[in-house]
>>> print(open('run12.txt').read())   # compact mmCIF, C-alpha atoms
# COMPACT_ATOMS: atom_id res chain seq x y z
CA MET A 1 114.30 -67.61 -244.28
CA THR A 2 112.59 -70.83 -243.15
CA ASP A 3 109.56 -70.45 -240.91
CA SER A 4 110.80 -71.91 -237.65
CA GLY A 5 107.32 -72.76 -236.47
CA ALA A 6 106.45 -74.81 -239.53
CA ALA A 7 107.98 -77.99 -238.16
CA PHE A 8 105.86 -77.58 -235.04
CA GLY A 9 102.51 -76.88 -236.63
CA THR A 10 102.40 -73.11 -236.06
CA GLY A 11 103.94 -70.05 -237.64
CA ALA A 12 106.91 -68.60 -235.82
CA ARG A 13 105.31 -65.17 -235.62
CA THR A 14 101.73 -66.19 -234.89
CA GLY A 15 102.08 -69.38 -232.84
CA ALA A 16 105.11 -68.73 -230.67
CA THR A 17 103.60 -66.03 -228.50
CA THR A 18 100.46 -68.00 -227.63
CA ALA A 19 102.51 -71.14 -226.95
CA THR A 20 104.92 -69.54 -224.51
CA THR A 21 102.79 -69.77 -221.37
CA THR A 22 100.73 -72.96 -221.90
CA GLY A 23 101.33 -76.67 -221.70
CA VAL A 24 104.02 -76.62 -218.99
CA GLY A 25 103.17 -77.04 -215.32
CA VAL A 26 106.01 -74.95 -213.89
CA GLY A 27 106.55 -71.25 -214.22
CA PRO A 28 107.40 -68.69 -215.22
CA TYR A 29 107.92 -70.54 -218.52
CA ARG A 30 108.56 -69.16 -222.00
CA GLU A 31 109.63 -70.61 -225.31
CA LEU A 32 112.52 -69.29 -227.38
CA THR A 33 111.92 -70.06 -231.06
CA PHE A 34 114.50 -70.21 -233.85
CA ASP A 35 114.33 -70.95 -237.56
CA ALA A 36 116.73 -73.18 -239.48
CA GLN A 37 119.17 -70.30 -240.06
CA GLY A 38 119.32 -69.48 -236.35
CA ASP A 39 117.13 -66.36 -236.57
CA VAL A 40 115.20 -65.88 -233.35
CA ASP A 41 111.54 -64.96 -233.13
CA PRO A 42 111.74 -61.45 -231.59
CA ALA A 43 108.52 -61.87 -229.60
CA THR A 44 109.85 -64.97 -227.83
CA ARG A 45 113.19 -63.30 -227.25
CA ALA A 46 111.50 -60.35 -225.58
CA ALA A 47 109.33 -62.66 -223.45
CA VAL A 48 112.39 -64.55 -222.17
CA ALA A 49 114.15 -61.29 -221.31
CA ARG A 50 111.20 -60.33 -219.06
CA ILE A 51 111.31 -63.47 -216.89
CA GLU A 52 111.83 -62.57 -213.24
CA ALA A 53 114.12 -65.18 -211.68
CA THR A 54 117.47 -65.70 -210.01
CA ASP A 55 118.24 -68.78 -212.11
CA LEU A 56 117.09 -69.55 -215.65
CA LEU A 57 116.91 -73.14 -216.94
CA VAL A 58 117.29 -73.12 -220.74
CA PHE A 59 116.48 -76.51 -222.29
CA ALA A 60 116.92 -77.31 -226.01
CA HIS A 61 115.02 -80.37 -227.27
CA GLY A 62 116.50 -82.93 -229.63
CA TRP A 63 114.51 -84.50 -232.43
CA ASN A 64 110.79 -83.73 -232.35
CA SER A 65 108.22 -83.34 -235.10
CA ASP A 66 105.69 -81.03 -233.47
CA ARG A 67 105.46 -78.38 -230.79
CA THR A 68 103.10 -80.53 -228.71
CA THR A 69 105.73 -83.24 -228.28
CA ALA A 70 108.42 -80.68 -227.48
CA THR A 71 106.20 -78.98 -224.89
CA ARG A 72 105.33 -82.31 -223.27
CA LEU A 73 109.04 -83.07 -223.00
CA PHE A 74 109.73 -79.71 -221.36
CA ASP A 75 106.80 -80.24 -218.97
CA ARG A 76 107.96 -83.71 -217.95
CA PHE A 77 111.62 -82.79 -217.53
CA PHE A 78 111.02 -79.53 -215.63
CA ALA A 79 108.40 -80.99 -213.23
CA PRO A 80 110.75 -82.05 -210.37
CA PHE A 81 112.76 -78.83 -210.17
CA PRO A 82 110.58 -76.72 -207.81
CA GLY A 83 110.99 -79.35 -205.10
CA LEU A 84 114.75 -79.69 -205.51
CA VAL A 85 116.13 -76.14 -205.28
CA GLY A 86 117.01 -74.07 -202.25
CA THR A 87 114.77 -71.41 -200.74
CA GLY A 88 116.83 -68.54 -202.16
CA VAL A 89 116.46 -69.79 -205.73
CA ARG A 90 113.67 -68.45 -207.94
CA LEU A 91 113.61 -70.51 -211.13
CA GLY A 92 112.57 -69.41 -214.58
CA TYR A 93 112.13 -71.93 -217.40
CA VAL A 94 112.85 -71.65 -221.12
CA GLY A 95 112.17 -74.23 -223.82
CA VAL A 96 114.35 -73.75 -226.92
CA VAL A 97 112.29 -74.68 -229.99
CA TRP A 98 114.04 -75.22 -233.32
CA PRO A 99 113.04 -77.10 -236.51
CA SER A 100 113.96 -80.76 -236.13
CA ILE A 101 112.26 -84.05 -236.96
CA ARG A 102 111.45 -87.40 -235.35
CA PHE A 103 110.22 -90.42 -237.29
CA SER A 104 107.13 -92.04 -235.78
CA ASP A 105 109.01 -95.31 -235.17
CA GLU A 106 111.41 -93.57 -232.75
CA PRO A 107 109.29 -93.80 -229.60
CA ILE A 108 109.84 -91.59 -226.58
CA PRO A 109 109.32 -93.69 -223.44
CA ASP A 110 105.87 -93.05 -221.90
CA PHE A 111 105.04 -90.53 -224.66
CA ASP A 112 103.79 -92.71 -227.52
CA PRO A 113 101.74 -95.67 -226.23
CA ARG A 114 99.27 -95.48 -229.12
CA ALA A 115 102.03 -95.29 -231.73
CA ALA A 116 103.84 -98.25 -230.16
CA ALA A 117 100.64 -100.28 -230.13
CA ALA A 118 100.00 -99.43 -233.77
CA ASP A 119 103.52 -100.48 -234.76
CA THR A 120 103.07 -103.82 -233.02
CA ALA A 121 99.74 -104.38 -234.68
CA THR A 122 100.80 -103.58 -238.23
CA GLY A 123 104.22 -105.26 -238.17
CA PRO A 124 107.26 -104.21 -240.20
CA ASP A 125 106.72 -101.45 -242.71
CA THR A 126 109.25 -99.55 -244.78
CA GLY A 127 106.72 -96.92 -245.86
CA LEU A 128 106.21 -93.46 -244.43
CA ASP A 129 103.14 -92.96 -242.25
CA THR A 130 101.12 -89.77 -242.64
CA GLY A 131 102.66 -88.02 -239.64
CA THR A 132 106.24 -88.71 -240.69
CA ARG A 133 105.55 -87.65 -244.27
CA ARG A 134 104.00 -84.39 -243.06
CA ALA A 135 106.93 -83.77 -240.70
CA LEU A 136 109.42 -84.35 -243.52
CA GLY A 137 107.60 -81.76 -245.61
CA ALA A 138 107.99 -79.22 -242.81
CA PHE A 139 111.61 -80.17 -242.21
CA TRP A 140 112.48 -79.82 -245.92
CA PRO A 141 110.03 -77.16 -247.18
CA GLY A 142 109.63 -76.82 -250.91
CA ARG A 143 110.72 -80.41 -251.60
CA GLU A 144 107.30 -81.98 -251.92
CA ALA A 145 107.93 -83.60 -255.30
CA GLU A 146 111.12 -85.30 -254.11
CA LEU A 147 109.50 -86.43 -250.87
CA ASP A 148 106.46 -87.81 -252.69
CA ARG A 149 108.73 -89.90 -254.89
CA VAL A 150 110.77 -91.09 -251.89
CA ALA A 151 107.55 -92.14 -250.14
CA GLU A 152 106.33 -93.89 -253.29
CA LEU A 153 109.54 -95.91 -253.60
CA LEU A 154 109.57 -96.88 -249.92
CA ASP A 155 105.97 -98.04 -250.16
CA ALA A 156 106.47 -100.04 -253.37
CA ARG A 157 109.94 -101.51 -252.58
CA PRO A 158 110.64 -102.35 -256.23
CA GLU A 159 113.10 -105.12 -257.18
CA SER A 160 115.16 -102.67 -259.21
CA GLU A 161 118.75 -101.45 -259.12
CA ALA A 162 117.63 -98.30 -260.93
CA ALA A 163 114.98 -97.60 -258.27
CA LEU A 164 117.52 -97.94 -255.45
CA ALA A 165 119.93 -95.66 -257.30
CA GLU A 166 117.14 -93.10 -257.84
CA PHE A 167 116.26 -93.28 -254.13
CA GLY A 168 119.88 -92.71 -253.14
CA ALA A 169 120.14 -89.69 -255.43
CA LEU A 170 116.94 -88.20 -254.02
CA VAL A 171 118.09 -88.62 -250.42
CA ARG A 172 121.47 -87.09 -251.25
CA GLU A 173 119.70 -84.12 -252.82
CA LEU A 174 117.38 -83.68 -249.84
CA ALA A 175 120.34 -83.70 -247.47
CA ASN A 176 122.16 -81.07 -249.57
CA VAL A 177 125.38 -83.06 -249.36
CA ASP A 178 126.47 -81.76 -252.77
CA ARG A 179 126.15 -78.09 -251.89
CA PRO A 180 129.34 -76.21 -252.82
CA GLY A 181 131.57 -74.86 -250.12
CA PRO A 182 135.24 -74.14 -249.44
CA ALA A 183 135.62 -77.06 -247.00
CA ALA A 184 134.16 -79.55 -249.46
CA ALA A 185 136.29 -78.19 -252.29
CA ALA A 186 139.47 -78.42 -250.24
CA ASP A 187 138.80 -81.93 -249.00
CA PRO A 188 136.32 -83.74 -251.27
CA GLY A 189 134.93 -86.81 -249.57
CA GLY A 190 137.31 -86.39 -246.66
CA ALA A 191 136.92 -85.49 -243.01
CA ARG A 192 135.16 -82.23 -243.88
CA GLY A 193 133.39 -83.49 -246.99
CA VAL A 194 130.51 -85.84 -247.78
CA PRO A 195 129.81 -88.64 -245.29
CA ALA A 196 130.51 -92.07 -246.72
CA LEU A 197 126.91 -92.93 -246.02
CA PHE A 198 125.93 -90.76 -248.99
CA ALA A 199 129.05 -91.20 -251.10
CA ARG A 200 129.19 -94.98 -251.35
CA ASP A 201 127.21 -97.36 -253.56
CA VAL A 202 123.62 -97.10 -252.39
CA ARG A 203 122.99 -100.84 -252.57
CA ALA A 204 125.95 -101.59 -250.29
CA VAL A 205 124.93 -98.85 -247.85
CA CYS A 206 121.31 -100.04 -247.69
CA ARG A 207 122.47 -103.58 -247.05
CA GLU A 208 124.71 -102.50 -244.16
CA LEU A 209 122.02 -100.24 -242.71
CA ALA A 210 119.55 -103.12 -242.83
CA ASP A 211 122.09 -105.21 -240.92
CA ALA A 212 122.47 -102.37 -238.40
CA LEU A 213 118.71 -102.28 -237.88
CA ALA A 214 118.71 -106.00 -237.24
CA ALA A 215 121.56 -105.56 -234.74
CA SER A 216 119.55 -102.89 -232.91
CA GLY A 217 116.56 -105.21 -232.62
CA ALA A 218 114.51 -103.42 -235.26
CA ASP A 219 112.94 -105.18 -238.23
CA ALA A 220 114.68 -104.04 -241.40
CA GLY A 221 111.95 -105.28 -243.70
CA ASP A 222 111.27 -108.75 -245.04
CA ALA A 223 114.63 -110.32 -244.21
CA PRO A 224 116.68 -109.25 -241.18
CA GLY A 225 120.12 -110.82 -241.19
CA LEU A 226 120.52 -110.50 -244.94
CA ALA A 227 122.57 -112.98 -246.92
CA PRO A 228 124.55 -112.00 -250.04
CA GLY A 229 121.97 -113.54 -252.35
CA ASP A 230 118.92 -111.82 -250.90
CA GLY A 231 116.80 -109.85 -253.36
CA LEU A 232 116.68 -106.08 -253.71
CA ARG A 233 113.26 -105.88 -252.07
CA ALA A 234 114.85 -106.84 -248.76
CA LEU A 235 117.08 -103.73 -248.84
CA TRP A 236 114.31 -101.15 -248.56
CA GLY A 237 114.34 -101.27 -244.76
CA GLY A 238 117.94 -100.06 -245.02
CA ALA A 239 116.82 -97.47 -247.56
CA LYS A 240 114.36 -96.01 -245.06
CA GLU A 241 117.19 -95.84 -242.54
CA LEU A 242 119.25 -93.94 -245.13
CA LEU A 243 116.47 -91.34 -245.26
CA ARG A 244 116.49 -91.13 -241.47
CA GLN A 245 120.25 -90.67 -241.50
CA ALA A 246 119.83 -87.81 -243.97
CA THR A 247 117.62 -86.03 -241.42
CA TYR A 248 120.28 -86.66 -238.74
CA TYR A 249 122.93 -85.16 -241.03
CA GLU A 250 120.79 -82.08 -241.62
CA MET A 251 119.86 -81.75 -237.93
CA LYS A 252 123.51 -82.00 -236.94
CA ASN A 253 124.42 -79.09 -239.23
CA ARG A 254 121.31 -77.12 -238.28
CA ALA A 255 121.85 -77.55 -234.54
CA GLY A 256 125.32 -76.02 -234.78
CA VAL A 257 123.97 -73.04 -236.71
CA VAL A 258 121.09 -72.47 -234.29
CA GLY A 259 123.46 -72.68 -231.34
CA GLU A 260 126.27 -70.45 -232.61
CA HIS A 261 124.26 -67.89 -234.59
CA GLY A 262 120.96 -68.03 -232.69
CA LEU A 263 121.05 -69.05 -229.04
CA GLY A 264 124.58 -67.81 -228.35
CA PRO A 265 123.92 -64.18 -229.34
CA VAL A 266 120.62 -64.24 -227.42
CA LEU A 267 122.47 -65.37 -224.29
CA ALA A 268 125.18 -62.74 -224.78
CA ASP A 269 122.53 -60.03 -225.14
CA LEU A 270 120.68 -61.33 -222.08
CA ALA A 271 123.90 -61.16 -220.06
CA GLY A 272 124.24 -57.50 -220.95
CA ARG A 273 120.66 -56.72 -219.98
CA ARG A 274 120.43 -58.94 -216.89
CA PRO A 275 123.97 -59.35 -215.49
CA ALA A 276 122.80 -60.87 -212.20
CA LEU A 277 120.75 -63.62 -213.86
CA ARG A 278 122.32 -67.08 -213.56
CA VAL A 279 121.78 -69.24 -216.65
CA HIS A 280 121.90 -73.05 -216.77
CA LEU A 281 121.96 -74.67 -220.20
CA ILE A 282 120.48 -78.13 -220.82
CA GLY A 283 120.32 -79.97 -224.12
CA HIS A 284 119.05 -83.36 -225.25
CA SER A 285 120.40 -85.19 -228.32
CA PHE A 286 121.01 -82.61 -231.08
CA GLY A 287 119.73 -80.02 -228.61
CA ALA A 288 122.92 -80.73 -226.66
CA ARG A 289 124.77 -79.62 -229.77
CA VAL A 290 122.63 -76.46 -229.88
CA VAL A 291 123.50 -75.40 -226.33
CA SER A 292 127.17 -76.42 -226.65
CA PHE A 293 127.74 -74.53 -229.88
CA SER A 294 126.14 -71.46 -228.31
CA LEU A 295 129.40 -71.19 -226.30
CA ARG A 296 131.12 -70.00 -229.47
CA ALA A 297 129.19 -66.75 -229.22
CA VAL A 298 129.74 -66.24 -225.48
CA PRO A 299 132.51 -63.72 -224.73
CA ASP A 300 135.63 -64.84 -222.88
CA GLY A 301 135.39 -63.98 -219.22
CA ALA A 302 131.59 -64.13 -219.15
CA ARG A 303 130.25 -65.28 -215.78
CA GLN A 304 126.52 -65.68 -216.45
CA LEU A 305 126.54 -69.31 -217.66
CA LYS A 306 126.71 -71.35 -214.47
CA SER A 307 126.32 -74.89 -215.81
CA LEU A 308 125.90 -76.90 -218.99
CA THR A 309 124.23 -80.33 -218.85
CA LEU A 310 124.24 -82.60 -221.91
CA LEU A 311 121.64 -85.37 -221.98
CA GLN A 312 122.51 -88.09 -224.52
CA GLY A 313 124.41 -85.51 -226.56
CA ALA A 314 124.50 -86.22 -230.31
CA PHE A 315 127.91 -84.81 -231.15
CA SER A 316 131.50 -85.98 -231.00
CA HIS A 317 132.94 -87.22 -227.72
CA TYR A 318 136.13 -85.42 -228.77
CA ALA A 319 134.43 -82.03 -229.18
CA PHE A 320 136.14 -80.45 -226.13
CA SER A 321 139.54 -82.10 -226.74
CA ASP A 322 142.67 -80.01 -227.27
CA ARG A 323 144.16 -82.74 -229.50
CA LEU A 324 142.36 -85.45 -231.42
CA PRO A 325 143.85 -88.91 -230.80
CA HIS A 326 143.80 -89.71 -234.53
CA ASP A 327 145.09 -86.25 -235.55
CA PRO A 328 147.19 -84.56 -232.82
CA HIS A 329 147.55 -81.39 -234.89
CA ARG A 330 143.80 -80.69 -234.57
CA GLY A 331 141.46 -80.16 -231.66
CA GLY A 332 137.76 -80.71 -231.22
CA ALA A 333 135.16 -78.32 -232.57
CA LEU A 334 134.59 -76.89 -229.08
CA ARG A 335 138.11 -77.18 -227.69
CA GLY A 336 138.62 -75.04 -224.62
CA LEU A 337 135.10 -73.60 -224.68
CA GLN A 338 134.15 -75.38 -221.46
CA ARG A 339 136.04 -72.51 -219.81
CA ARG A 340 133.25 -70.15 -220.87
CA VAL A 341 130.97 -71.91 -218.39
CA ASP A 342 131.39 -70.65 -214.82
CA GLY A 343 130.69 -74.14 -213.53
CA PRO A 344 130.80 -77.71 -214.80
CA VAL A 345 129.99 -79.13 -218.23
CA VAL A 346 128.24 -82.41 -217.43
CA ALA A 347 127.91 -85.08 -220.12
CA CYS A 348 125.32 -87.69 -219.16
CA HIS A 349 125.69 -90.85 -221.22
CA SER A 350 124.23 -94.35 -221.48
CA SER A 351 125.31 -97.55 -223.19
CA HIS A 352 121.60 -98.35 -223.71
CA ASP A 353 121.34 -95.60 -226.32
CA SER A 354 121.25 -97.40 -229.69
CA ALA A 355 120.82 -94.15 -231.62
CA LEU A 356 124.23 -92.95 -230.42
CA GLY A 357 125.97 -96.27 -229.93
CA LEU A 358 125.15 -97.67 -233.35
CA PHE A 359 123.46 -95.21 -235.70
CA TYR A 360 125.24 -91.95 -234.81
CA PRO A 361 128.61 -93.36 -235.95
CA LEU A 362 127.00 -94.36 -239.26
CA ALA A 363 125.91 -90.78 -239.83
CA SER A 364 129.21 -89.31 -238.64
CA ARG A 365 131.75 -91.59 -240.26
CA MET A 366 133.32 -89.96 -243.29
CA ALA A 367 134.56 -91.26 -246.60
CA GLY A 368 138.05 -92.72 -246.74
CA ASP A 369 137.54 -95.17 -243.87
CA SER A 370 138.21 -98.63 -245.26
CA ALA A 371 136.26 -100.40 -242.52
CA GLY A 372 132.65 -101.39 -243.08
CA LEU A 373 129.95 -99.11 -241.73
CA LEU A 374 129.25 -101.56 -238.92
CA GLY A 375 132.89 -101.68 -237.80
CA PHE A 376 133.25 -99.59 -234.63
CA ASP A 377 135.66 -96.71 -234.93
CA GLU A 378 136.20 -94.57 -231.84
CA ARG A 379 136.80 -91.40 -233.80
CA TRP A 380 133.08 -91.19 -234.63
CA GLY A 381 131.74 -91.85 -231.13
CA ALA A 382 129.10 -89.63 -229.50
CA VAL A 383 129.43 -87.88 -226.16
CA GLY A 384 126.02 -89.25 -225.15
CA HIS A 385 127.19 -92.82 -225.61
CA ASP A 386 130.49 -92.88 -223.72
CA GLY A 387 131.05 -89.39 -222.32
CA VAL A 388 133.83 -86.85 -222.89
CA GLN A 389 136.95 -88.46 -224.32
CA ALA A 390 140.61 -87.42 -224.81
CA LEU A 391 140.44 -84.62 -222.24
CA PRO A 392 143.05 -85.22 -219.51
CA GLY A 393 141.77 -84.61 -216.01
CA ALA A 394 138.07 -84.84 -216.88
CA PRO A 395 136.54 -87.15 -214.25
CA ARG A 396 134.17 -90.02 -215.01
CA LEU A 397 131.48 -90.74 -212.43
CA SER A 398 128.58 -93.08 -211.99
CA LEU A 399 125.20 -91.41 -211.57
CA GLU A 400 125.03 -92.69 -208.02
CA ALA A 401 128.44 -91.24 -207.13
CA ALA A 402 127.61 -87.89 -208.73
CA LEU A 403 124.39 -87.64 -206.71
CA ARG A 404 126.02 -88.80 -203.50
CA ASP A 405 129.33 -86.93 -203.62
CA GLY A 406 128.54 -83.99 -205.90
CA LEU A 407 130.08 -82.71 -209.11
CA PRO A 408 133.25 -80.73 -209.81
CA THR A 409 132.84 -76.97 -209.70
CA ALA A 410 134.33 -76.48 -213.19
CA GLY A 411 135.48 -78.30 -216.29
CA CYS A 412 134.07 -81.31 -218.10
CA VAL A 413 132.77 -84.34 -216.25
CA SER A 414 131.14 -87.50 -217.62
CA VAL A 415 128.28 -89.13 -215.71
CA ASP A 416 127.18 -92.66 -216.60
CA ALA A 417 123.39 -92.39 -216.40
CA GLY A 418 122.76 -95.90 -217.73
CA SER A 419 121.15 -96.97 -214.45
CA VAL A 420 118.11 -94.80 -215.28
CA VAL A 421 118.52 -94.03 -219.02
CA ARG A 422 117.78 -97.58 -220.14
CA ARG A 423 114.24 -97.82 -221.59
CA GLY A 424 113.21 -97.61 -225.21
CA GLY A 425 112.72 -99.85 -228.20
CA PRO A 426 114.55 -100.08 -231.50
CA PRO A 427 115.88 -98.36 -233.46
CA SER A 428 116.91 -95.63 -230.99
CA GLY A 429 116.96 -97.56 -227.71
CA ALA A 430 117.07 -95.40 -224.58
CA HIS A 431 118.05 -92.24 -226.45
CA SER A 432 114.98 -90.29 -225.32
CA ASP A 433 114.60 -91.81 -221.84
CA ILE A 434 115.65 -88.63 -220.07
CA CYS A 435 112.70 -87.60 -217.87
CA HIS A 436 114.02 -88.73 -214.50
CA GLU A 437 114.29 -86.90 -211.19
CA GLU A 438 117.86 -88.15 -210.91
CA LEU A 439 118.82 -86.18 -214.03
CA ALA A 440 117.03 -83.09 -212.71
CA ARG A 441 119.11 -83.46 -209.54
CA ILE A 442 122.26 -83.55 -211.69
CA VAL A 443 121.26 -80.20 -213.24
CA VAL A 444 120.56 -78.74 -209.80
CA GLY A 445 123.89 -80.00 -208.49
CA ALA A 446 125.81 -78.69 -211.49
CA GLY A 447 124.29 -75.26 -211.01
CA ARG A 448 124.75 -75.23 -207.24
CA MET A 449 121.06 -74.57 -206.76
CA GLY A 450 120.31 -77.29 -204.19
CA ARG A 451 118.89 -77.06 -200.71
>>> encode(input="run12.txt", output="structure tokens")
Amino acid sequence: MTDSGAAFGTGARTGATTATTTGVGVGPYRELTFDAQGDVDPATRAAVARIEATDLLVFAHGWNSDRTTATRLFDRFFAPFPGLVGTGVRLGYVGVVWPSIRFSDEPIPDFDPRAAAADTATGPDTGLDTGTRRALGAFWPGREAELDRVAELLDARPESEAALAEFGALVRELANVDRPGPAAAADPGGARGVPALFARDVRAVCRELADALAASGADAGDAPGLAPGDGLRALWGGAKELLRQATYYEMKNRAGVVGEHGLGPVLADLAGRRPALRVHLIGHSFGARVVSFSLRAVPDGARQLKSLTLLQGAFSHYAFSDRLPHDPHRGGALRGLQRRVDGPVVACHSSHDSALGLFYPLASRMAGDSAGLLGFDERWGAVGHDGVQALPGAPRLSLEAALRDGLPTAGCVSVDAGSVVRRGGPPSGAHSDICHEELARIVVGAGRMGR
């Protein structure tokens, strides 16, 4: 079992308890800690069960590399809530901590001024800084030799086909895309198999990823806007992006496991122990996948979950669909599960999110698609980029309209939050620009907790 606290600089058993009551300005606040297999730290689970409140806000972070960053995010996002809820509401706060990773060049607005200044000062760099290398070691424990070689190749950027091929093989191994399984055996390289990003020729993929970086405004290395004759050295910016995409692929799988086999059972148990407690789920990025997949473990007819708010959700915009537009015989991974929420499922999205508008489809697109990686294909869109799709009757609102007129009392609703979720540099754009009072007001409205 992986130590869930390792990615956050503390052991799950020793660090979680001391971290549950510090660093966040609202209260009562506790952290709920999971490892990569979805196993919960029992001390944090017990602490959450003891919270005295009428309404519990449960917020799962997206990509982070340390507990400090996750706690700062929780602190910033939760800060407006005490002034927004009605007098009969006593809030409790929970931060869901799970092992994820964020590269240092993915700034969180207002969180990383020193890192942003350092990036500007040093210019383009395809290497791995010390913090990212350490975070990768925690994210993929026991893979130090492979990661050292990956870092060496990114730093050296050799003009060598063999070196690029070696890099691609290492990344594929780190991402475990070759692990055996019944789905992969039944459909090799297909919709349930290996993403094309890892199955195709590594040189071609690195070239297209370098072009994608240039399109996002990021510097892909020595030569953004690559021409067919450019040397191999210019492709290493795309190679670093391939490594980043491997972490996205792993986080996507991990988030589903943590949600379904970790958070979901904890919520079901909490409902049995505290039937009057109203729970409001919130998730950012892959954390939105965590809280959404927890619905798989919630019994039909449960009434404790009163709202689900997805902030820049990094999973398919067809997840709740009964029928996929490109395959009417199949539904989305979460089809019908919005009915397990006794209130609305709100998908906040923004077109300013480059991570979901450009890079998420690269990670999600599967082999067998003849279009180039940069060609937009709606089937791989993210709910945090354009909201819930292919679900008849699901309304689409502007943020202003949602705040002015209110939200539906049930079912899925998409809210265009682009008027506030708009800040952030390349490569991820506004993906992490979520700490706004307007979004807190959306959560309060969804949960019918307002004044």
>>> atom_distance(input="run12.txt", atom1="atom CA of Gly256 of chain A", atom2="atom CA of Gly332 of chain A")
13.8 Å
>>> residues_around(input="run12.txt", residues="Val205 of chain A", least_positions_apart="4", cutoff="10 Å", atoms="only C-alpha atoms", output="list in words")
Gly168, Ala196, Leu197, Phe198, Ala199, Arg200, Asp201, Leu209, Ala210, Asp211, Leu235, Gly238, Ala239, Glu241, Leu242, Leu362, Gly372 and Leu373 of chain A
>>> write_last_selection(input="run12.txt", atoms="C-alpha atoms", output="short mmCIF file (atom, residue, chain, number, x, y, z; two decimals), keeping the file's coordinate frame")
data_model
loop_
_atom_site.label_atom_id
_atom_site.label_comp_id
_atom_site.auth_asym_id
_atom_site.auth_seq_id
_atom_site.Cartn_x
_atom_site.Cartn_y
_atom_site.Cartn_z
CA GLY A 168 119.88 -92.71 -253.14
CA ALA A 196 130.51 -92.07 -246.72
CA LEU A 197 126.91 -92.93 -246.02
CA PHE A 198 125.93 -90.76 -248.99
CA ALA A 199 129.05 -91.20 -251.10
CA ARG A 200 129.19 -94.98 -251.35
CA ASP A 201 127.21 -97.36 -253.56
CA LEU A 209 122.02 -100.24 -242.71
CA ALA A 210 119.55 -103.12 -242.83
CA ASP A 211 122.09 -105.21 -240.92
CA LEU A 235 117.08 -103.73 -248.84
CA GLY A 238 117.94 -100.06 -245.02
CA ALA A 239 116.82 -97.47 -247.56
CA GLU A 241 117.19 -95.84 -242.54
CA LEU A 242 119.25 -93.94 -245.13
CA LEU A 362 127.00 -94.36 -239.26
CA GLY A 372 132.65 -101.39 -243.08
CA LEU A 373 129.95 -99.11 -241.73
#
>>> residues_around(input="run12.txt", residues="Ala276 of chain A", least_positions_apart="6", cutoff="12 Å", atoms="only C-alpha atoms", output="PyMOL selection string")
chain A and resi 52-56+270+302-306
>>> atom_distance(input="run12.txt", atom1="atom CA of Gly343 of chain A", atom2="atom CA of Thr44 of chain A")
26.9 Å
>>> atom_distance(input="run12.txt", atom1="atom CA of Ala319 of chain A", atom2="atom CA of Leu334 of chain A")
5.1 Å
>>> decode(input="run12.txt", residues="segment 243-251 of chain A", atoms="N, CA, C and O atoms", output="PDB file, in the first residue's frame")
ATOM      1  N   LEU A 243       5.932  13.578 -20.343  1.00  0.00           N
ATOM      2  CA  LEU A 243       6.056  13.155 -18.949  1.00  0.00           C
ATOM      3  C   LEU A 243       4.910  13.730 -18.122  1.00  0.00           C
ATOM      4  O   LEU A 243       4.313  13.029 -17.291  1.00  0.00           O
ATOM      5  N   ARG A 244       4.591  14.987 -18.345  1.00  0.00           N
ATOM      6  CA  ARG A 244       3.482  15.600 -17.619  1.00  0.00           C
ATOM      7  C   ARG A 244       2.174  14.872 -17.926  1.00  0.00           C
ATOM      8  O   ARG A 244       1.369  14.601 -17.039  1.00  0.00           O
ATOM      9  N   GLN A 245       1.977  14.528 -19.198  1.00  0.00           N
ATOM     10  CA  GLN A 245       0.761  13.824 -19.575  1.00  0.00           C
ATOM     11  C   GLN A 245       0.688  12.443 -18.921  1.00  0.00           C
ATOM     12  O   GLN A 245      -0.405  11.949 -18.617  1.00  0.00           O
ATOM     13  N   ALA A 246       1.840  11.825 -18.703  1.00  0.00           N
ATOM     14  CA  ALA A 246       1.853  10.538 -18.008  1.00  0.00           C
ATOM     15  C   ALA A 246       1.349  10.692 -16.575  1.00  0.00           C
ATOM     16  O   ALA A 246       0.638   9.821 -16.061  1.00  0.00           O
ATOM     17  N   THR A 247       1.694  11.808 -15.918  1.00  0.00           N
ATOM     18  CA  THR A 247       1.177  12.039 -14.569  1.00  0.00           C
ATOM     19  C   THR A 247      -0.317  12.292 -14.618  1.00  0.00           C
ATOM     20  O   THR A 247      -1.062  11.855 -13.735  1.00  0.00           O
ATOM     21  N   TYR A 248      -0.812  13.006 -15.665  1.00  0.00           N
ATOM     22  CA  TYR A 248      -2.254  13.210 -15.799  1.00  0.00           C
ATOM     23  C   TYR A 248      -2.970  11.877 -15.954  1.00  0.00           C
ATOM     24  O   TYR A 248      -4.030  11.643 -15.357  1.00  0.00           O
ATOM     25  N   TYR A 249      -2.409  11.009 -16.785  1.00  0.00           N
ATOM     26  CA  TYR A 249      -3.007   9.689 -17.029  1.00  0.00           C
ATOM     27  C   TYR A 249      -3.106   8.896 -15.732  1.00  0.00           C
ATOM     28  O   TYR A 249      -4.142   8.286 -15.428  1.00  0.00           O
ATOM     29  N   GLU A 250      -2.034   8.937 -14.950  1.00  0.00           N
ATOM     30  CA  GLU A 250      -2.033   8.216 -13.676  1.00  0.00           C
ATOM     31  C   GLU A 250      -2.995   8.856 -12.684  1.00  0.00           C
ATOM     32  O   GLU A 250      -3.727   8.166 -11.968  1.00  0.00           O
ATOM     33  N   MET A 251      -3.013  10.211 -12.629  1.00  0.00           N
ATOM     34  CA  MET A 251      -3.926  10.887 -11.707  1.00  0.00           C
ATOM     35  C   MET A 251      -5.381  10.625 -12.069  1.00  0.00           C
ATOM     36  O   MET A 251      -6.239  10.488 -11.186  1.00  0.00           O
TER      37      MET A 251
END
